[in-house]
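Take a look at the structure set out below.
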Amino acid sequence: MMQEDRKGLSEQEYDVLIIGGGITGAGAARDAAMRGLKTLMVDMNDLAFGTSSRSSKLVHGGLRYLEHAEFALVFESVSERRILMKIAPHLVRAQGFLFPVFSDSRRSLLEINIGMWLYDGLSLFRSPKMHKSLSKKKLKKQEPSLRQEDLKGAPQYYDCATDDARLTLESALDAVAHGATVATYVKVLGFVKNEQNRIAGVRVLDRFTGEEKEIRARAVVNATGPWSDRLRGLKGEEIKKRLRPTKGIHIVVPTEKLSLNNAIVCFHPEDGRVLFAIPWGDRTYIGTTDTDYQSDPGDVAASGEDVRYLINVSNHYFPTAHLEEGDVISTWAGVRPWVADENSDDESAVSREHVLKIESDGLITSAGGKLTTYRKMGAEVVDKAIEYLRAIDRLPGNIRNANTAQEALPGAIGWPENGLADIMHQIQTDAGEVLKSDTIQLLAETYGVRGKDVGEMAKRDASLQERLNPERPEIMAQVKYAVEKELAKTIRDVLIRRTQVFFRETEQGLNCLDRVAEEMAALLNWDEAKKQEEIEAYKEEVERSRRWRDE
Ligand code: FAD
């Protein structure tokens, strides 16, 4: 399988060039490749470097949109949730949610239960599981750390949890499997126009070699999320900004401090905003904030104020946890690429749905939306690209339908009857003598069916069986697999987005940094200077996520 061919990028003309390898770009690339379009996707960083690895990691219908009677939006989201559970069952898994109601809650238990019926109804009663109502007594048993004072009860409903970075990655890998080319660390610097003043390609910088070149393409898609106005600005003309970006952060704490069986939906006691506390294996994360953000999306970080806001709300709902700043293992911050609502008089109003625009020079911009609806957004982007190619008379003749709702993502191809249990059994049978059960579980849950390949890799080479941290399940084989099969190019790609060591490990991966660097240097032919540069870049990323500690 050709994964990447960055050298040959200038040698051909692509039907569709997608700029941005987040979930929007990856969904469009997968769809375009399946339709038989000659597709290239480039990202100036790693896949899912931006918002797509910094979300709340939920594939959800958006229960709260019911409050505003946005039924179509909820219906679309729950329908997509069902599709994603089918095509990526290892990455999109049912998660129980509790919606605790207190005597001073804005909505009564009855009102919320009615909302739950509506939510299940909009999913055509095919939610991962149907909702039910838990009494205060049952609630205490399921969630002993939840505040008991004034608690009346809680409906329990189901949505899905995901790994946003890997959902993006697997969509991109599937695009490649269908013939697309994906090149990371290739930055678009500007646009190339033809004599009709239409965009006919882009000028890029290969961030590894420093080389600049032109890439030709018939249709160009701007899928750069929170960078999309910046990218439009590269056209060298005055643009009307469309984004209303805001920052959202999450904090990660150990389960020894806050352990949950369900995700908890809560409202901030002062400003009424909705927040989630979400169980995450050996960790719990809490989010999110919503503050204006105008700076570089690549430099976004949690502030001390953000972290304290989340700690305060946690201590309100989980008073026995006594969370303190010192309990926060890691943070992540992302920028919402919301687009201004052109139908509203309110300047700060944003569209809840993604916005797809085509400009007179042909640039197609898709921004906003949610991770949850990425597959459908991808199809709409490609429909628009095809419409444009037809209008300029450059549509190739062999266009097919894309089967994105039926074909499994790579980790779910050949999904066994009993799902993860069967996969774990297979890894155990193949590599059980060299891998412990926590690693086997991690490999199955992270890679799905492909977990067997990682297990076999470890079985063949004892050095790859080593744990990154003796107390954690991640192993060195994951580093090699990330480089050889998952387009990882830097230590940050591996420890932040291919594994979640950066967020889950108490030292954020600094303990295993030298060993990982050594392995990657051997795999990618880094000299000593390049290796040191990569180590420093990783340390900088850790520093960025800890900046709030000094505020
Ligand atoms: P991004 O993921 O930001 O991708 C843009 C990419 O473009 C980046 O990788 C960047 O490197 C690249 N790029 C930029 N400029 C250039 C250039 N010049 N050349 C090449 N590449 C370039 N949605 C849900 O469904 N569920 C959730 O639980 C959820 N939670 C969220 C929580 C928060 C805090 C936030 C902020 C968002 C959340 N969302 C959620 C929304 C969702 O995460 C985003 O809508 C989605 O990730 C946006 O993806 P994107 O691909 O459009 O942008």
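To be explicit about the labels: the chains of the structure tokens are called A, B, and onward in the order shown, and within each one the residues are counted from 1, while ligands get numbers from 1 in the order they are shown.
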
Non-local contacts of A:Arg352 (8 Å; only C-alpha atoms; under 3 positions in same chain excluded) as an MDAnalysis selection string: chainID A and resid 338 368:369

Can you spit out the residues from that selection as an mmCIF file, in the first residue's frame, using C-alpha atoms?
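Final output, saved to out_4.cif:
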data_model
loop_
_atom_site.group_PDB
_atom_site.id
_atom_site.type_symbol
_atom_site.label_atom_id
_atom_site.label_comp_id
_atom_site.auth_asym_id
_atom_site.auth_seq_id
_atom_site.Cartn_x
_atom_site.Cartn_y
_atom_site.Cartn_z
ATOM 1 C CA TRP A 338 -17.178 27.880 14.405
ATOM 2 C CA GLY A 368 -17.372 24.222 11.613
ATOM 3 C CA GLY A 369 -19.375 21.094 12.235
#

Sel. of strand (DSSP E or B) residues, stretch 114-339 of chain A, as a VMD selection string: chain A and resid 132 to 135 151 to 162 181 to 184 186 to 193 199 to 206 212 to 222 243 246 to 254 263 to 267 274 to 280 283 to 287 291 to 292 330 to 336 339

Please build the interface table for stretch 85-172 of chain A against stretch 16-34 of chain A with a cut-off of 8 Å, listing for each qualifying residue the nearest atom pair and the distance in Å to one decimal; count only C-alpha atoms, order rows by chain and increasing number, and write it as a tab-separated table.
residue	atom	partner	partner_atom	distance
A:Leu167	CA	A:Ile23	CA	7.6
A:Thr168	CA	A:Ile23	CA	4.9
A:Leu169	CA	A:Ala26	CA	7.6
A:Ser171	CA	A:Ala26	CA	5.6
A:Ala172	CA	A:Ala26	CA	4.9

Contact check, chain A to ligand 1, at most 6 Å, counting only C-alpha atoms and all ligand atoms, closest pairs as a tab-separated table:
residue	atom	partner	partner_atom_place_in_ligand_line	distance
A:Ile19	CA	ligand 1	20 (C)	5.2
A:Gly20	CA	ligand 1	7 (O)	3.4
A:Gly21	CA	ligand 1	9 (O)	4.9
A:Gly22	CA	ligand 1	51 (O)	3.3
A:Ile23	CA	ligand 1	51 (O)	4.1
A:Thr24	CA	ligand 1	51 (O)	3.8
A:Gly25	CA	ligand 1	51 (O)	5.5
A:Val42	CA	ligand 1	20 (C)	5.7
A:Asp43	CA	ligand 1	21 (N)	3.6
A:Met44	CA	ligand 1	20 (C)	3.9
A:Asn45	CA	ligand 1	11 (O)	4.6
A:Leu47	CA	ligand 1	9 (O)	5.6
A:Ala48	CA	ligand 1	9 (O)	5.0
A:Phe49	CA	ligand 1	9 (O)	4.4
A:Gly50	CA	ligand 1	3 (O)	3.6
A:Thr51	CA	ligand 1	3 (O)	3.9
A:Ser52	CA	ligand 1	47 (O)	3.4
A:Ser55	CA	ligand 1	32 (C)	3.5
A:Ser56	CA	ligand 1	28 (O)	3.7
A:Lys57	CA	ligand 1	28 (O)	4.4
A:Leu58	CA	ligand 1	28 (O)	3.7
A:Val59	CA	ligand 1	25 (O)	5.2
A:Lys187	CA	ligand 1	19 (N)	3.8
A:Val188	CA	ligand 1	19 (N)	3.9
A:Leu189	CA	ligand 1	18 (N)	6.0
A:Ala223	CA	ligand 1	52 (O)	5.6
A:Thr224	CA	ligand 1	7 (O)	3.5
A:Gly225	CA	ligand 1	53 (O)	3.5
A:Pro226	CA	ligand 1	3 (O)	5.5
A:Trp227	CA	ligand 1	14 (C)	5.0
A:Leu231	CA	ligand 1	18 (N)	5.6
A:Gly248	CA	ligand 1	34 (C)	3.8
A:Ile249	CA	ligand 1	34 (C)	5.5
A:Thr288	CA	ligand 1	34 (C)	5.8
A:Gly334	CA	ligand 1	36 (C)	4.3
A:Val335	CA	ligand 1	36 (C)	4.4
A:Arg336	CA	ligand 1	36 (C)	3.9
A:Ala367	CA	ligand 1	52 (O)	5.5
A:Gly368	CA	ligand 1	45 (O)	5.3
A:Gly369	CA	ligand 1	45 (O)	4.8
A:Lys370	CA	ligand 1	23 (N)	3.8
A:Leu371	CA	ligand 1	25 (O)	3.5
A:Thr372	CA	ligand 1	25 (O)	3.8

Test item: residues at most 8 Å from stretch 76-87 of chain A, only C-alpha atoms, excluding those fewer than 3 positions along its chain, as a VMD selection string: chain A and resid 59 to 62 72 to 73 91 to 93 122 to 123 126 to 127 160 372 to 373 375 to 376 405 to 409 412

Residues as selected, N, CA, C and O atoms, written as a compact mmCIF listing (two decimals), in the first residue's frame, can you do that?
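To be explicit, this is the file written out as out.txt:
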# COMPACT_ATOMS: atom_id res chain seq x y z
N VAL A 59 -18.72 10.98 20.27
CA VAL A 59 -19.54 10.90 19.06
C VAL A 59 -20.96 10.92 19.59
O VAL A 59 -21.42 9.94 20.18
N HIS A 60 -21.59 12.07 19.50
CA HIS A 60 -22.85 12.24 20.21
C HIS A 60 -23.89 12.99 19.40
O HIS A 60 -23.57 13.73 18.48
N GLY A 61 -25.13 12.77 19.83
CA GLY A 61 -26.23 13.39 19.10
C GLY A 61 -26.40 14.85 19.48
O GLY A 61 -27.06 15.60 18.78
N GLY A 62 -25.80 15.26 20.61
CA GLY A 62 -25.97 16.64 21.05
C GLY A 62 -27.32 16.82 21.72
O GLY A 62 -28.17 17.58 21.26
N ALA A 72 -33.37 18.41 13.48
CA ALA A 72 -32.69 17.88 12.29
C ALA A 72 -31.22 17.61 12.61
O ALA A 72 -30.66 16.59 12.21
N LEU A 73 -30.63 18.55 13.37
CA LEU A 73 -29.22 18.41 13.73
C LEU A 73 -29.01 17.17 14.61
O LEU A 73 -28.07 16.39 14.40
N LEU A 91 -13.31 2.10 17.68
CA LEU A 91 -13.02 3.51 17.97
C LEU A 91 -14.24 4.29 18.44
O LEU A 91 -14.10 5.37 19.01
N VAL A 92 -15.41 3.78 18.20
CA VAL A 92 -16.63 4.49 18.58
C VAL A 92 -17.47 3.54 19.43
O VAL A 92 -18.14 2.65 18.90
N ARG A 93 -17.37 3.72 20.74
CA ARG A 93 -17.96 2.73 21.65
C ARG A 93 -18.99 3.36 22.59
O ARG A 93 -18.82 4.52 23.00
N LEU A 122 -35.43 10.04 18.27
CA LEU A 122 -34.73 10.55 17.09
C LEU A 122 -33.68 9.55 16.60
O LEU A 122 -33.29 9.55 15.44
N SER A 123 -33.20 8.68 17.52
CA SER A 123 -32.28 7.64 17.04
C SER A 123 -33.07 6.41 16.60
O SER A 123 -32.50 5.33 16.47
N ARG A 126 -32.73 3.18 18.30
CA ARG A 126 -31.55 2.34 18.08
C ARG A 126 -30.32 2.98 18.71
O ARG A 126 -29.22 2.90 18.18
N SER A 127 -30.53 3.64 19.86
CA SER A 127 -29.40 4.17 20.63
C SER A 127 -28.55 2.97 21.05
O SER A 127 -29.07 1.85 21.10
N CYS A 160 -21.60 7.93 22.53
CA CYS A 160 -20.37 7.17 22.28
C CYS A 160 -19.12 7.97 22.63
O CYS A 160 -19.09 9.18 22.47
N THR A 372 -18.50 14.19 15.03
CA THR A 372 -19.55 13.19 14.88
C THR A 372 -20.08 13.09 13.45
O THR A 372 -20.38 12.01 12.97
N THR A 373 -20.18 14.24 12.77
CA THR A 373 -20.82 14.23 11.45
C THR A 373 -19.79 14.30 10.32
O THR A 373 -20.12 14.65 9.19
N ARG A 375 -18.25 12.18 8.46
CA ARG A 375 -18.40 11.33 7.28
C ARG A 375 -19.35 11.99 6.28
O ARG A 375 -19.08 12.09 5.08
N LYS A 376 -20.44 12.51 6.82
CA LYS A 376 -21.45 13.15 5.96
C LYS A 376 -20.91 14.47 5.39
O LYS A 376 -21.11 14.79 4.23
N ALA A 405 -20.41 4.69 4.28
CA ALA A 405 -21.26 4.26 5.40
C ALA A 405 -21.23 2.75 5.59
O ALA A 405 -21.65 2.25 6.63
N GLN A 406 -20.75 2.04 4.59
CA GLN A 406 -20.73 0.58 4.70
C GLN A 406 -19.34 0.02 4.93
O GLN A 406 -19.16 -0.94 5.68
N GLU A 407 -18.35 0.60 4.25
CA GLU A 407 -17.00 0.01 4.35
C GLU A 407 -16.35 0.36 5.67
O GLU A 407 -16.34 1.52 6.10
N ALA A 408 -15.78 -0.66 6.31
CA ALA A 408 -15.17 -0.48 7.63
C ALA A 408 -13.88 0.31 7.53
O ALA A 408 -13.19 0.28 6.51
N LEU A 409 -13.54 1.01 8.61
CA LEU A 409 -12.22 1.63 8.69
C LEU A 409 -11.19 0.51 8.93
O LEU A 409 -11.55 -0.60 9.34
N ALA A 412 -11.29 -2.20 11.57
CA ALA A 412 -12.53 -2.98 11.72
C ALA A 412 -12.76 -3.88 10.51
O ALA A 412 -13.82 -4.49 10.39

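Distances from A:Ala263, A:Leu524, A:Ile440, A:Ala349 to A:Leu487 were compared using only C-alpha atoms, and the smallest one belongs to A:Leu524.
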
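Residue nearest A:Asp461, chosen from A:Ile264, A:Leu98, A:Ala477, A:Val449 and counting only C-alpha atoms: A:Ala477.
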
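Of the residues in stretch 264-360 of chain A, those that DSSP places in alpha helix (DSSP H) on the basis of the backbone are A:Gly304, A:Glu305, A:Asp306, A:Val307, A:Arg308, A:Tyr309, A:Leu310, A:Ile311, A:Asn312, A:Val313, A:Ser314, A:Asn315, A:His316, A:Tyr317.
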
Interatomic distance, atom CA of A:Thr289 to atom CA of A:Leu310 (Å, one decimal): 7.7 Å

Considering only C-alpha atoms, give me a table of residues in stretch 259-369 of chain A that are at most 7 Å from stretch 136-150 of chain A, with the closest atom pair and distance in Å for each, as CSV.
residue,atom,partner,partner_atom,distance
A:Leu260,CA,A:Glu143,CA,6.2
A:Asn261,CA,A:Glu143,CA,6.6
A:Tyr317,CA,A:Arg147,CA,5.1
A:Phe318,CA,A:Leu146,CA,4.9
A:Pro319,CA,A:Arg147,CA,6.3
A:Thr320,CA,A:Ser145,CA,6.2
A:Ala321,CA,A:Ser145,CA,6.9

Next, write the just-selected residues to a file, as a PDB file, in the first residue's frame, keeping N, CA and C atoms as the atom set.
ATOM      1  N   LEU A 260     -15.100   7.370  37.889  1.00  0.00           N
ATOM      2  CA  LEU A 260     -16.497   7.404  37.447  1.00  0.00           C
ATOM      3  C   LEU A 260     -16.827   6.155  36.635  1.00  0.00           C
ATOM      4  N   ASN A 261     -18.062   5.721  36.725  1.00  0.00           N
ATOM      5  CA  ASN A 261     -18.522   4.621  35.871  1.00  0.00           C
ATOM      6  C   ASN A 261     -19.243   5.138  34.645  1.00  0.00           C
ATOM      7  N   TYR A 317     -19.461  19.338  42.052  1.00  0.00           N
ATOM      8  CA  TYR A 317     -20.235  18.108  41.797  1.00  0.00           C
ATOM      9  C   TYR A 317     -19.625  16.869  42.453  1.00  0.00           C
ATOM     10  N   PHE A 318     -18.318  16.880  42.698  1.00  0.00           N
ATOM     11  CA  PHE A 318     -17.647  15.713  43.300  1.00  0.00           C
ATOM     12  C   PHE A 318     -16.871  16.190  44.530  1.00  0.00           C
ATOM     13  N   PRO A 319     -17.608  16.617  45.568  1.00  0.00           N
ATOM     14  CA  PRO A 319     -16.930  17.300  46.682  1.00  0.00           C
ATOM     15  C   PRO A 319     -15.936  16.403  47.426  1.00  0.00           C
ATOM     16  N   THR A 320     -16.174  15.087  47.431  1.00  0.00           N
ATOM     17  CA  THR A 320     -15.261  14.227  48.197  1.00  0.00           C
ATOM     18  C   THR A 320     -13.926  14.019  47.476  1.00  0.00           C
ATOM     19  N   ALA A 321     -13.873  14.369  46.192  1.00  0.00           N
ATOM     20  CA  ALA A 321     -12.615  14.176  45.444  1.00  0.00           C
ATOM     21  C   ALA A 321     -11.562  15.209  45.861  1.00  0.00           C
TER      22      ALA A 321
END

Non-local contacts of A:Arg232 (10 Å; only C-alpha atoms; under 3 positions in same chain excluded) as a ChimeraX atom specification: /A:190-191,222,224,227-229,235-241,359,363,365

Shell of 12 Å around stretch 277-282 of chain A, only C-alpha atoms, local chain residues under 4 positions omitted, as an MDAnalysis selection string: chainID A and resid 56:58 95:99 143 145:146 159:163 250:268 286:288 310:311 313:315 317:318 329 438 441:442 445 471:473 500:501 503:506
